[in-house]
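Next comes structure_5.pdb, a file with PDB, C-alpha atoms.
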```pdb
ATOM      1  CA  MET A  32       6.593   2.795  -6.657
ATOM      2  CA  SER A  33       5.460   0.940  -3.542
ATOM      3  CA  ARG A  34       1.935   0.197  -4.773
ATOM      4  CA  ILE A  35       3.260  -1.343  -7.941
ATOM      5  CA  SER A  36       6.302  -3.115  -6.537
ATOM      6  CA  GLY A  37       4.088  -4.981  -4.103
ATOM      7  CA  LEU A  38       2.204  -6.467  -7.012
ATOM      8  CA  PHE A  39       4.942  -6.999  -9.575
ATOM      9  CA  GLN A  40       7.964  -7.919  -7.475
ATOM     10  CA  VAL A  41       7.614 -11.663  -8.077
ATOM     11  CA  ASP A  42       6.718 -11.366 -11.756
ATOM     12  CA  PHE A  43       9.700  -9.206 -12.635
ATOM     13  CA  ARG A  44      12.375 -10.483 -10.273
ATOM     14  CA  GLU A  45      13.986 -12.646 -12.951
ATOM     15  CA  LYS A  46      13.719  -9.869 -15.544
ATOM     16  CA  ILE A  47      15.323  -7.368 -13.182
ATOM     17  CA  ASP A  48      18.218  -9.752 -12.549
ATOM     18  CA  SER A  49      18.712 -10.294 -16.265
ATOM     19  CA  VAL A  50      18.689  -6.552 -16.996
ATOM     20  CA  LEU A  51      21.171  -5.775 -14.237
ATOM     21  CA  SER A  52      23.501  -8.583 -15.284
ATOM     22  CA  SER A  53      23.368  -7.698 -18.972
ATOM     23  CA  GLN A  54      26.513  -6.054 -20.303
ATOM     24  CA  SER A  55      24.467  -3.811 -22.546
ATOM     25  CA  ALA A  56      22.019  -2.680 -19.844
ATOM     26  CA  GLY A  57      24.083   0.356 -18.969
ATOM     27  CA  SER A  58      24.593   1.428 -22.567
ATOM     28  CA  ASP A  59      21.021   1.070 -23.813
ATOM     29  CA  PHE A  60      19.721   4.289 -22.248
ATOM     30  CA  ASP A  61      18.883   7.057 -24.695
ATOM     31  CA  THR A  62      19.879  10.681 -24.307
ATOM     32  CA  VAL A  63      17.428  13.584 -24.267
ATOM     33  CA  ASP A  64      17.754  16.881 -26.115
ATOM     34  CA  LEU A  65      16.574  19.437 -23.548
ATOM     35  CA  ASN A  66      15.870  21.935 -26.314
ATOM     36  CA  THR A  67      13.028  19.744 -27.565
ATOM     37  CA  LEU A  68      11.129  19.779 -24.257
ATOM     38  CA  LYS A  69       8.094  22.031 -23.932
ATOM     39  CA  ASN A  70       8.440  22.374 -20.162
ATOM     40  CA  LYS A  71      11.747  24.210 -19.716
ATOM     41  CA  GLY A  72      11.488  24.280 -15.899
ATOM     42  CA  VAL A  73      11.880  20.543 -15.389
ATOM     43  CA  ARG A  74      14.112  19.701 -12.432
ATOM     44  CA  GLU A  75      14.325  15.905 -12.658
ATOM     45  CA  VAL A  76      14.287  15.276 -16.390
ATOM     46  CA  GLY A  77      17.272  12.924 -16.228
ATOM     47  CA  SER A  78      15.732  10.817 -13.464
ATOM     48  CA  GLU A  79      12.403  10.692 -15.282
ATOM     49  CA  CYS A  80      13.952   9.637 -18.559
ATOM     50  CA  MET A  81      16.097   6.918 -16.997
ATOM     51  CA  SER A  82      13.223   5.627 -14.843
ATOM     52  CA  LEU A  83      10.971   5.329 -17.883
ATOM     53  CA  GLN A  84      13.619   3.543 -19.910
ATOM     54  CA  ALA A  85      14.259   1.176 -16.989
ATOM     55  CA  LEU A  86      10.544   0.315 -16.853
ATOM     56  CA  LYS A  87      10.553  -0.332 -20.596
ATOM     57  CA  GLN A  88      13.641  -2.538 -20.333
ATOM     58  CA  LEU A  89      11.726  -4.525 -17.743
ATOM     59  CA  ARG A  90       8.935  -4.807 -20.348
ATOM     60  CA  ILE A  91       6.308  -3.464 -17.961
ATOM     61  CA  ASP A  92       4.478  -1.803 -20.847
ATOM     62  CA  GLY A  93       4.363  -5.162 -22.618
ATOM     63  CA  PHE A  94       3.170  -6.845 -19.427
ATOM     64  CA  LEU A  95       0.250  -4.417 -19.193
ATOM     65  CA  ARG A  96      -0.462  -4.777 -22.905
ATOM     66  CA  ASP A  97      -0.601  -8.571 -22.521
ATOM     67  CA  HIS A  98      -3.222  -8.044 -19.793
ATOM     68  CA  GLY A  99      -5.517  -6.158 -22.144
ATOM     69  CA  TRP A 100      -4.576  -2.562 -21.335
ATOM     70  CA  ASP A 101      -5.056   0.062 -24.052
ATOM     71  CA  GLU A 102      -2.234   2.431 -25.004
ATOM     72  CA  GLU A 103      -3.705   5.453 -23.199
ATOM     73  CA  ASN A 104      -3.885   3.630 -19.856
ATOM     74  CA  ILE A 105      -0.406   2.203 -20.376
ATOM     75  CA  SER A 106       0.955   5.727 -20.940
ATOM     76  CA  LEU A 107      -0.814   6.983 -17.818
ATOM     77  CA  ALA A 108       0.436   4.034 -15.759
ATOM     78  CA  LEU A 109       4.034   4.598 -16.851
ATOM     79  CA  SER A 110       3.722   8.343 -16.218
ATOM     80  CA  HIS A 111       2.325   7.771 -12.729
ATOM     81  CA  THR A 112       4.925   5.141 -11.847
ATOM     82  CA  VAL A 113       7.848   7.314 -12.940
ATOM     83  CA  SER A 114       6.487  10.401 -11.181
ATOM     84  CA  ARG A 115       6.063   8.448  -7.938
ATOM     85  CA  SER A 116       9.652   7.162  -8.141
ATOM     86  CA  VAL A 117      11.028  10.676  -8.727
ATOM     87  CA  TYR A 118       8.576  12.635  -6.579
ATOM     88  CA  PRO A 119       6.867  10.346  -4.003
ATOM     89  CA  ALA A 120       3.762  12.244  -2.938
ATOM     90  CA  PRO A 121      -0.033  11.850  -2.718
ATOM     91  CA  GLU A 122      -1.957  12.010  -5.981
ATOM     92  CA  LEU A 123      -3.070  15.633  -5.570
ATOM     93  CA  LYS A 124       0.509  16.882  -5.239
ATOM     94  CA  THR A 125       1.638  14.476  -7.938
ATOM     95  CA  VAL A 126      -0.747  16.058 -10.457
ATOM     96  CA  SER A 127       0.702  19.516  -9.787
ATOM     97  CA  PHE A 128       4.237  18.178 -10.045
ATOM     98  CA  MET A 129       3.537  16.383 -13.334
ATOM     99  CA  LYS A 130       1.967  19.489 -14.849
ATOM    100  CA  GLU A 131       4.421  22.113 -13.611
ATOM    101  CA  ASN A 132       7.797  20.453 -12.985
ATOM    102  CA  SER A 133       7.834  17.308 -15.080
ATOM    103  CA  SER A 134       8.293  16.167 -18.666
ATOM    104  CA  ILE A 135       7.252  12.571 -18.116
ATOM    105  CA  CYS A 136       4.001  12.986 -20.065
ATOM    106  CA  GLU A 137       6.033  14.241 -23.023
ATOM    107  CA  PHE A 138       8.082  11.046 -22.870
ATOM    108  CA  THR A 139       5.067   8.714 -22.527
ATOM    109  CA  GLY A 140       2.747  10.631 -24.849
ATOM    110  CA  TYR A 141      -0.023  11.063 -22.287
ATOM    111  CA  PRO A 142      -1.868  14.426 -22.697
ATOM    112  CA  VAL A 143      -1.063  16.651 -19.705
ATOM    113  CA  SER A 144      -4.356  18.508 -20.160
ATOM    114  CA  ARG A 145      -6.260  15.297 -19.325
ATOM    115  CA  LEU A 146      -4.288  14.603 -16.169
ATOM    116  CA  THR A 147      -6.367  14.693 -12.960
ATOM    117  CA  LYS A 148      -6.103  13.455  -9.399
ATOM    118  CA  ASP A 149      -9.007  11.057  -9.946
ATOM    119  CA  LYS A 150      -7.330   9.480 -12.965
ATOM    120  CA  LEU A 151      -4.195   8.813 -10.928
ATOM    121  CA  TYR A 152      -6.290   7.197  -8.197
ATOM    122  CA  CYS A 153      -8.084   5.046 -10.779
ATOM    123  CA  ILE A 154      -4.910   3.925 -12.541
ATOM    124  CA  SER A 155      -3.355   2.984  -9.186
ATOM    125  CA  LYS A 156      -6.422   0.883  -8.377
ATOM    126  CA  LYS A 157      -6.344  -0.701 -11.814
ATOM    127  CA  MET A 158      -2.659  -1.563 -11.491
ATOM    128  CA  CYS A 159      -3.053  -3.083  -8.032
ATOM    129  CA  VAL A 160      -6.544  -4.177  -7.034
ATOM    130  CA  ASP A 161      -7.964  -5.101 -10.436
ATOM    131  CA  MET A 162      -4.896  -7.138 -11.375
ATOM    132  CA  LEU A 163      -4.633  -8.841  -7.988
ATOM    133  CA  PRO A 164      -6.621 -12.006  -8.901
ATOM    134  CA  ASP A 165      -4.325 -12.777 -11.849
ATOM    135  CA  HIS A 166      -1.280 -12.044  -9.721
ATOM    136  CA  ILE A 167      -2.496 -14.367  -6.956
ATOM    137  CA  LYS A 168      -3.219 -17.165  -9.433
ATOM    138  CA  LEU A 169       0.276 -16.837 -10.851
ATOM    139  CA  ASN A 170       2.208 -16.498  -7.593
ATOM    140  CA  TRP A 171       0.043 -17.982  -4.825
ATOM    141  CA  PHE A 172       2.057 -21.188  -4.345
ATOM    142  CA  SER A 173       5.270 -19.195  -4.006
ATOM    143  CA  LEU A 174       3.690 -16.748  -1.535
ATOM    144  CA  ARG A 175       2.114 -19.533   0.478
ATOM    145  CA  HIS A 176       5.398 -21.428   0.638
ATOM    146  CA  GLN A 177       7.256 -18.343   1.873
ATOM    147  CA  ILE A 178       4.620 -17.807   4.580
ATOM    148  CA  GLU A 179       4.681 -21.450   5.673
ATOM    149  CA  ILE A 180       8.477 -21.585   6.048
ATOM    150  CA  ALA A 181       8.587 -18.106   7.640
ATOM    151  CA  THR A 182      10.692 -16.452   4.943
ATOM    152  CA  TYR A 183       8.113 -13.948   3.675
ATOM    153  CA  ILE A 184       9.188 -10.333   4.274
ATOM    154  CA  PRO A 185       6.432  -7.667   4.147
ATOM    155  CA  LEU A 186       7.063  -4.579   2.059
ATOM    156  CA  ALA A 187       7.359  -1.148   3.658
ATOM    157  CA  VAL A 188       4.083   0.609   4.454
ATOM    158  CA  ARG A 189       3.238   4.056   3.116
ATOM    159  CA  LYS A 190       3.108   6.723   5.824
ATOM    160  CA  VAL A 191      -0.029   8.880   5.773
ATOM    161  CA  GLU A 192      -0.766  11.600   8.333
ATOM    162  CA  ILE A 193      -4.417  12.461   9.053
ATOM    163  CA  PRO A 194      -5.176  15.725  10.905
ATOM    164  CA  LYS A 195      -6.960  15.351  14.260
ATOM    165  CA  PRO A 196      -9.957  17.603  15.060
ATOM    166  CA  ASN A 197      -8.244  18.932  18.194
ATOM    167  CA  GLY A 198      -4.872  19.487  16.545
ATOM    168  CA  GLY A 199      -1.941  17.276  15.722
ATOM    169  CA  VAL A 200      -1.949  14.364  13.316
ATOM    170  CA  ARG A 201      -2.632  10.650  13.425
ATOM    171  CA  MET A 202      -0.138   8.536  11.540
ATOM    172  CA  LEU A 203      -1.380   5.592   9.497
ATOM    173  CA  GLY A 204       0.652   2.966   7.655
ATOM    174  CA  ILE A 205      -0.890   1.885   4.340
ATOM    175  CA  PRO A 206       0.364  -1.569   3.262
ATOM    176  CA  CYS A 207       0.678  -2.757  -0.313
ATOM    177  CA  VAL A 208      -2.167  -4.823  -1.758
ATOM    178  CA  ILE A 209      -0.561  -8.230  -1.178
ATOM    179  CA  ASP A 210       0.227  -7.499   2.461
ATOM    180  CA  ARG A 211      -3.267  -6.074   2.996
ATOM    181  CA  LEU A 212      -4.719  -9.335   1.688
ATOM    182  CA  ILE A 213      -2.511 -11.458   3.955
ATOM    183  CA  GLN A 214      -3.273  -9.281   6.978
ATOM    184  CA  GLN A 215      -7.018  -9.559   6.378
ATOM    185  CA  ALA A 216      -6.742 -13.344   6.151
ATOM    186  CA  ILE A 217      -4.929 -13.397   9.507
ATOM    187  CA  VAL A 218      -7.551 -11.133  11.120
ATOM    188  CA  GLN A 219     -10.460 -13.239   9.906
ATOM    189  CA  VAL A 220      -9.005 -16.387  11.437
ATOM    190  CA  LEU A 221      -7.784 -14.871  14.709
ATOM    191  CA  SER A 222     -11.091 -13.055  15.284
ATOM    192  CA  LEU A 223     -12.774 -16.423  15.687
ATOM    193  CA  HIS A 224     -10.440 -17.222  18.588
ATOM    194  CA  TYR A 225     -10.256 -13.832  20.294
ATOM    195  CA  ASP A 226     -13.590 -12.086  19.775
ATOM    196  CA  ASP A 227     -15.391 -13.846  22.641
ATOM    197  CA  SER A 228     -12.784 -12.534  25.106
ATOM    198  CA  PHE A 229     -13.732  -8.886  24.453
ATOM    199  CA  SER A 230     -16.269  -6.963  26.497
ATOM    200  CA  GLU A 231     -19.908  -7.220  25.493
ATOM    201  CA  PHE A 232     -19.881  -3.428  25.244
ATOM    202  CA  SER A 233     -16.832  -3.190  22.985
ATOM    203  CA  TYR A 234     -17.821  -2.113  19.467
ATOM    204  CA  GLY A 235     -14.652  -1.039  17.654
ATOM    205  CA  PHE A 236     -13.258  -3.160  14.804
ATOM    206  CA  ARG A 237     -15.267  -6.275  15.692
ATOM    207  CA  PRO A 238     -17.357  -8.551  13.462
ATOM    208  CA  ASP A 239     -21.012  -7.530  13.138
ATOM    209  CA  ARG A 240     -20.488  -4.440  15.305
ATOM    210  CA  CYS A 241     -20.064  -0.785  14.421
ATOM    211  CA  ALA A 242     -20.102   2.771  15.797
ATOM    212  CA  HIS A 243     -23.882   2.945  15.348
ATOM    213  CA  ASP A 244     -24.245   0.112  17.873
ATOM    214  CA  ALA A 245     -22.191   2.112  20.370
ATOM    215  CA  VAL A 246     -24.390   5.173  19.816
ATOM    216  CA  ARG A 247     -27.542   3.111  20.395
ATOM    217  CA  GLN A 248     -26.078   1.702  23.619
ATOM    218  CA  ALA A 249     -25.210   5.228  24.792
ATOM    219  CA  GLN A 250     -28.769   6.320  24.055
ATOM    220  CA  LEU A 251     -30.071   3.495  26.234
ATOM    221  CA  TYR A 252     -27.895   4.709  29.110
ATOM    222  CA  LEU A 253     -29.289   8.232  28.675
ATOM    223  CA  ASN A 254     -32.843   6.915  28.722
ATOM    224  CA  VAL A 255     -32.141   5.035  31.963
ATOM    225  CA  GLY A 256     -30.923   8.239  33.596
ATOM    226  CA  TYR A 257     -27.147   8.165  33.504
ATOM    227  CA  ILE A 258     -25.783  11.707  33.099
ATOM    228  CA  HIS A 259     -21.972  11.384  33.337
ATOM    229  CA  VAL A 260     -19.630  10.449  30.473
ATOM    230  CA  ILE A 261     -16.015   9.407  31.034
ATOM    231  CA  GLU A 262     -13.724   9.604  28.018
ATOM    232  CA  LEU A 263     -10.379   7.792  28.035
ATOM    233  CA  ASP A 264      -7.717   7.985  25.351
ATOM    234  CA  LEU A 265      -4.582   5.847  25.287
ATOM    235  CA  GLU A 266      -2.149   8.307  23.750
ATOM    236  CA  LYS A 267      -0.131   6.872  20.854
ATOM    237  CA  LEU A 268      -0.960   3.315  21.886
ATOM    238  CA  PHE A 269       0.161   1.730  18.622
ATOM    239  CA  TYR A 270       3.464   3.618  18.756
ATOM    240  CA  LYS A 271       4.241   2.622  22.337
ATOM    241  CA  VAL A 272       2.790  -0.885  22.699
ATOM    242  CA  ASN A 273       5.392  -3.382  23.881
ATOM    243  CA  HIS A 274       5.831  -5.839  21.016
ATOM    244  CA  ASN A 275       7.419  -8.525  23.191
ATOM    245  CA  LYS A 276       4.502  -8.533  25.642
ATOM    246  CA  LEU A 277       2.012  -8.517  22.774
ATOM    247  CA  MET A 278       3.703 -11.492  21.098
ATOM    248  CA  THR A 279       3.787 -13.345  24.417
ATOM    249  CA  LEU A 280       0.020 -12.897  24.786
ATOM    250  CA  LEU A 281      -0.543 -14.117  21.237
ATOM    251  CA  SER A 282       1.674 -17.158  21.741
ATOM    252  CA  ASN A 283      -0.561 -18.249  24.636
ATOM    253  CA  ARG A 284      -3.222 -19.139  22.057
ATOM    254  CA  ILE A 285      -1.342 -19.375  18.759
ATOM    255  CA  THR A 286       0.909 -22.389  18.321
ATOM    256  CA  ASP A 287       1.845 -21.810  14.683
ATOM    257  CA  LYS A 288       5.390 -20.408  14.922
ATOM    258  CA  SER A 289       5.493 -19.293  11.288
ATOM    259  CA  LEU A 290       2.356 -17.201  11.856
ATOM    260  CA  LEU A 291       3.831 -15.646  14.988
ATOM    261  CA  LYS A 292       6.976 -14.713  13.062
ATOM    262  CA  LEU A 293       4.887 -13.159  10.308
ATOM    263  CA  ILE A 294       2.855 -11.086  12.796
ATOM    264  CA  ARG A 295       6.043  -9.829  14.431
ATOM    265  CA  ARG A 296       7.409  -8.833  11.029
ATOM    266  CA  TYR A 297       4.242  -6.874  10.321
ATOM    267  CA  LEU A 298       4.679  -5.083  13.651
ATOM    268  CA  ARG A 299       8.215  -4.109  12.639
ATOM    269  CA  THR A 300       7.555  -3.288   8.984
ATOM    270  CA  ASP A 301       9.582  -0.395   7.601
ATOM    271  CA  ILE A 302       7.787   2.882   6.912
ATOM    272  CA  MET A 303       8.079   4.750   3.608
ATOM    273  CA  ASP A 304       7.824   8.443   4.415
ATOM    274  CA  VAL A 305       5.929  10.274   1.656
ATOM    275  CA  VAL A 306       6.639  13.990   1.438
TER     276      VAL A 306
END
```
Would you mind giving the structure from this file in structure tokens?
Amino acid sequence: MSRISGLFQVDFREKIDSVLSSQSAGSDFDTVDLNTLKNKGVREVGSECMSLQALKQLRIDGFLRDHGWDEENISLALSHTVSRSVYPAPELKTVSFMKENSSICEFTGYPVSRLTKDKLYCISKKMCVDMLPDHIKLNWFSLRHQIEIATYIPLAVRKVEIPKPNGGVRMLGIPCVIDRLIQQAIVQVLSLHYDDSFSEFSYGFRPDRCAHDAVRQAQLYLNVGYIHVIELDLEKLFYKVNHNKLMTLLSNRITDKSLLKLIRRYLRTDIMDVV
């Protein structure tokens, strides 16, 4: 549920508290007759049913309906959210799980035959990216205040492993939408102060530069007559970089202590391991 919690955590915090503190919250869950389920091989039917009912008690379906969602997309969104809470996996594996080992679509009414990986990707984007402007308008002053007084805590990043051509994997951390927005804002400002200190022949992750520029520069060297290429690779740099030394270097130019605290928190963000 990481993609969704990053977007809705402020909106539903009060509702969550009210549900948990309600005396009837524990007794409002319905029971399920397993004999009525079409998929008899379901392993997590209890978790799915309770997760769905919890989402409905939080009125998430009503929240989406108030934002103009049709019933089919609401059913798909609830199905995807519950499946990710019970079986946290990439969309491709999630589709197989929902079709073969899940009854969530029976509970939500979404047709299993129409379930595809692309639809799960699209509904995730719709829940997060497309609703981000409204979320920012509603919660920006609260977010900004938390950042300014150094109380904002980033959410855990989603662990994704990408195979390397020569073997092994490269681990990436995918932040939630809100944290990605804040990180980009930080990068855009800091780039103005740090970019001129990089080498003229550095092309990676810099404004108005790309890999094509590096290729063109290499071609120029070939045309001049250079014939040797030296390749260097800092193994697992981002895993092994000394955070204290990095923060010391940043503090030489950055005087905003709340920003420094936020950057350190991003460096130490928890990782959500997706099976």
Point-to-point distance from atom CA of A:Leu107 to atom CA of A:Met81, Å rounded to tenths =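 Taking atom CA of A:Leu107 as the start and atom CA of A:Met81 as the end point, the length is 16.9 Å.
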inquiry  = From the options A:Tyr297, A:His224, A:Tyr183, A:Lys87, which residue's atoms come nearest to A:Asn283, counting only C-alpha atoms?
reply    =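 Looking only at the distances to A:Asn283, the closest residue turns out to be A:His224.
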request  = Can you turn the PyMOL selection byres ((chain A and resi 210) around 10) into a concrete residue list for this file, as a ChimeraX atom specification?
outcome  = /A:37-38,184-188,205-209,211-216,297
query = Where does the PyMOL selection byres ((chain A and resi 125) around 12) land in this file, that is, which residues does it pick, as a PyMOL selection string?
reply = chain A and resi 110-124+126-133+135+146-152+305-306
request  = Point out the residue among A:Lys267, A:Glu262, A:Leu163, A:Arg284 with the least atom-to-atom distance to A:Tyr225, counting all atoms listed in the file.
outcome  =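 Looking at the shortest contact to A:Tyr225, the residue is A:Arg284.
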Give me the residues near stretch 244-250 of chain A as a tab-separated table (two decimals) with C-alpha atoms, in the frame of the given file, where near means some atom within 12 Å (using all atoms listed in the file) and where sequence neighbours in that chain fewer than 3 positions away do not count.
```
chain	number	residue	atom	x	y	z
A	231	GLU	CA	-19.91	-7.22	25.49
A	232	PHE	CA	-19.88	-3.43	25.24
A	233	SER	CA	-16.83	-3.19	22.98
A	234	TYR	CA	-17.82	-2.11	19.47
A	235	GLY	CA	-14.65	-1.04	17.65
A	236	PHE	CA	-13.26	-3.16	14.80
A	237	ARG	CA	-15.27	-6.28	15.69
A	238	PRO	CA	-17.36	-8.55	13.46
A	239	ASP	CA	-21.01	-7.53	13.14
A	240	ARG	CA	-20.49	-4.44	15.30
A	241	CYS	CA	-20.06	-0.78	14.42
A	253	LEU	CA	-29.29	8.23	28.68
A	254	ASN	CA	-32.84	6.92	28.72
A	255	VAL	CA	-32.14	5.04	31.96
A	256	GLY	CA	-30.92	8.24	33.60
A	257	TYR	CA	-27.15	8.16	33.50
A	258	ILE	CA	-25.78	11.71	33.10
A	259	HIS	CA	-21.97	11.38	33.34
A	260	VAL	CA	-19.63	10.45	30.47
A	261	ILE	CA	-16.02	9.41	31.03
```
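Atom CA of A:Thr182 to atom CA of A:Arg296 spans 10.3 Å [interatomic distance, one decimal].
Residues matched by the PyMOL selection byres ((chain A and resi 91-98) around 10) in this structure: Phe39, Asp42, Phe43, Leu83, Ala85, Leu86, Lys87, Gln88, Leu89, Arg90, Gly99, Trp100, Asp101, Glu102, Asn104, Ile105, Ser106, Ala108, Leu109, Met158, Met162 and Asp165 of chain A.
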ask   = Between A:Ser144, A:Leu293, A:Ser134, A:Ile285, which is the closest to A:Leu221 once you count only C-alpha atoms?
value =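 Answer, going by the shortest atom-to-atom distance: A:Ile285.
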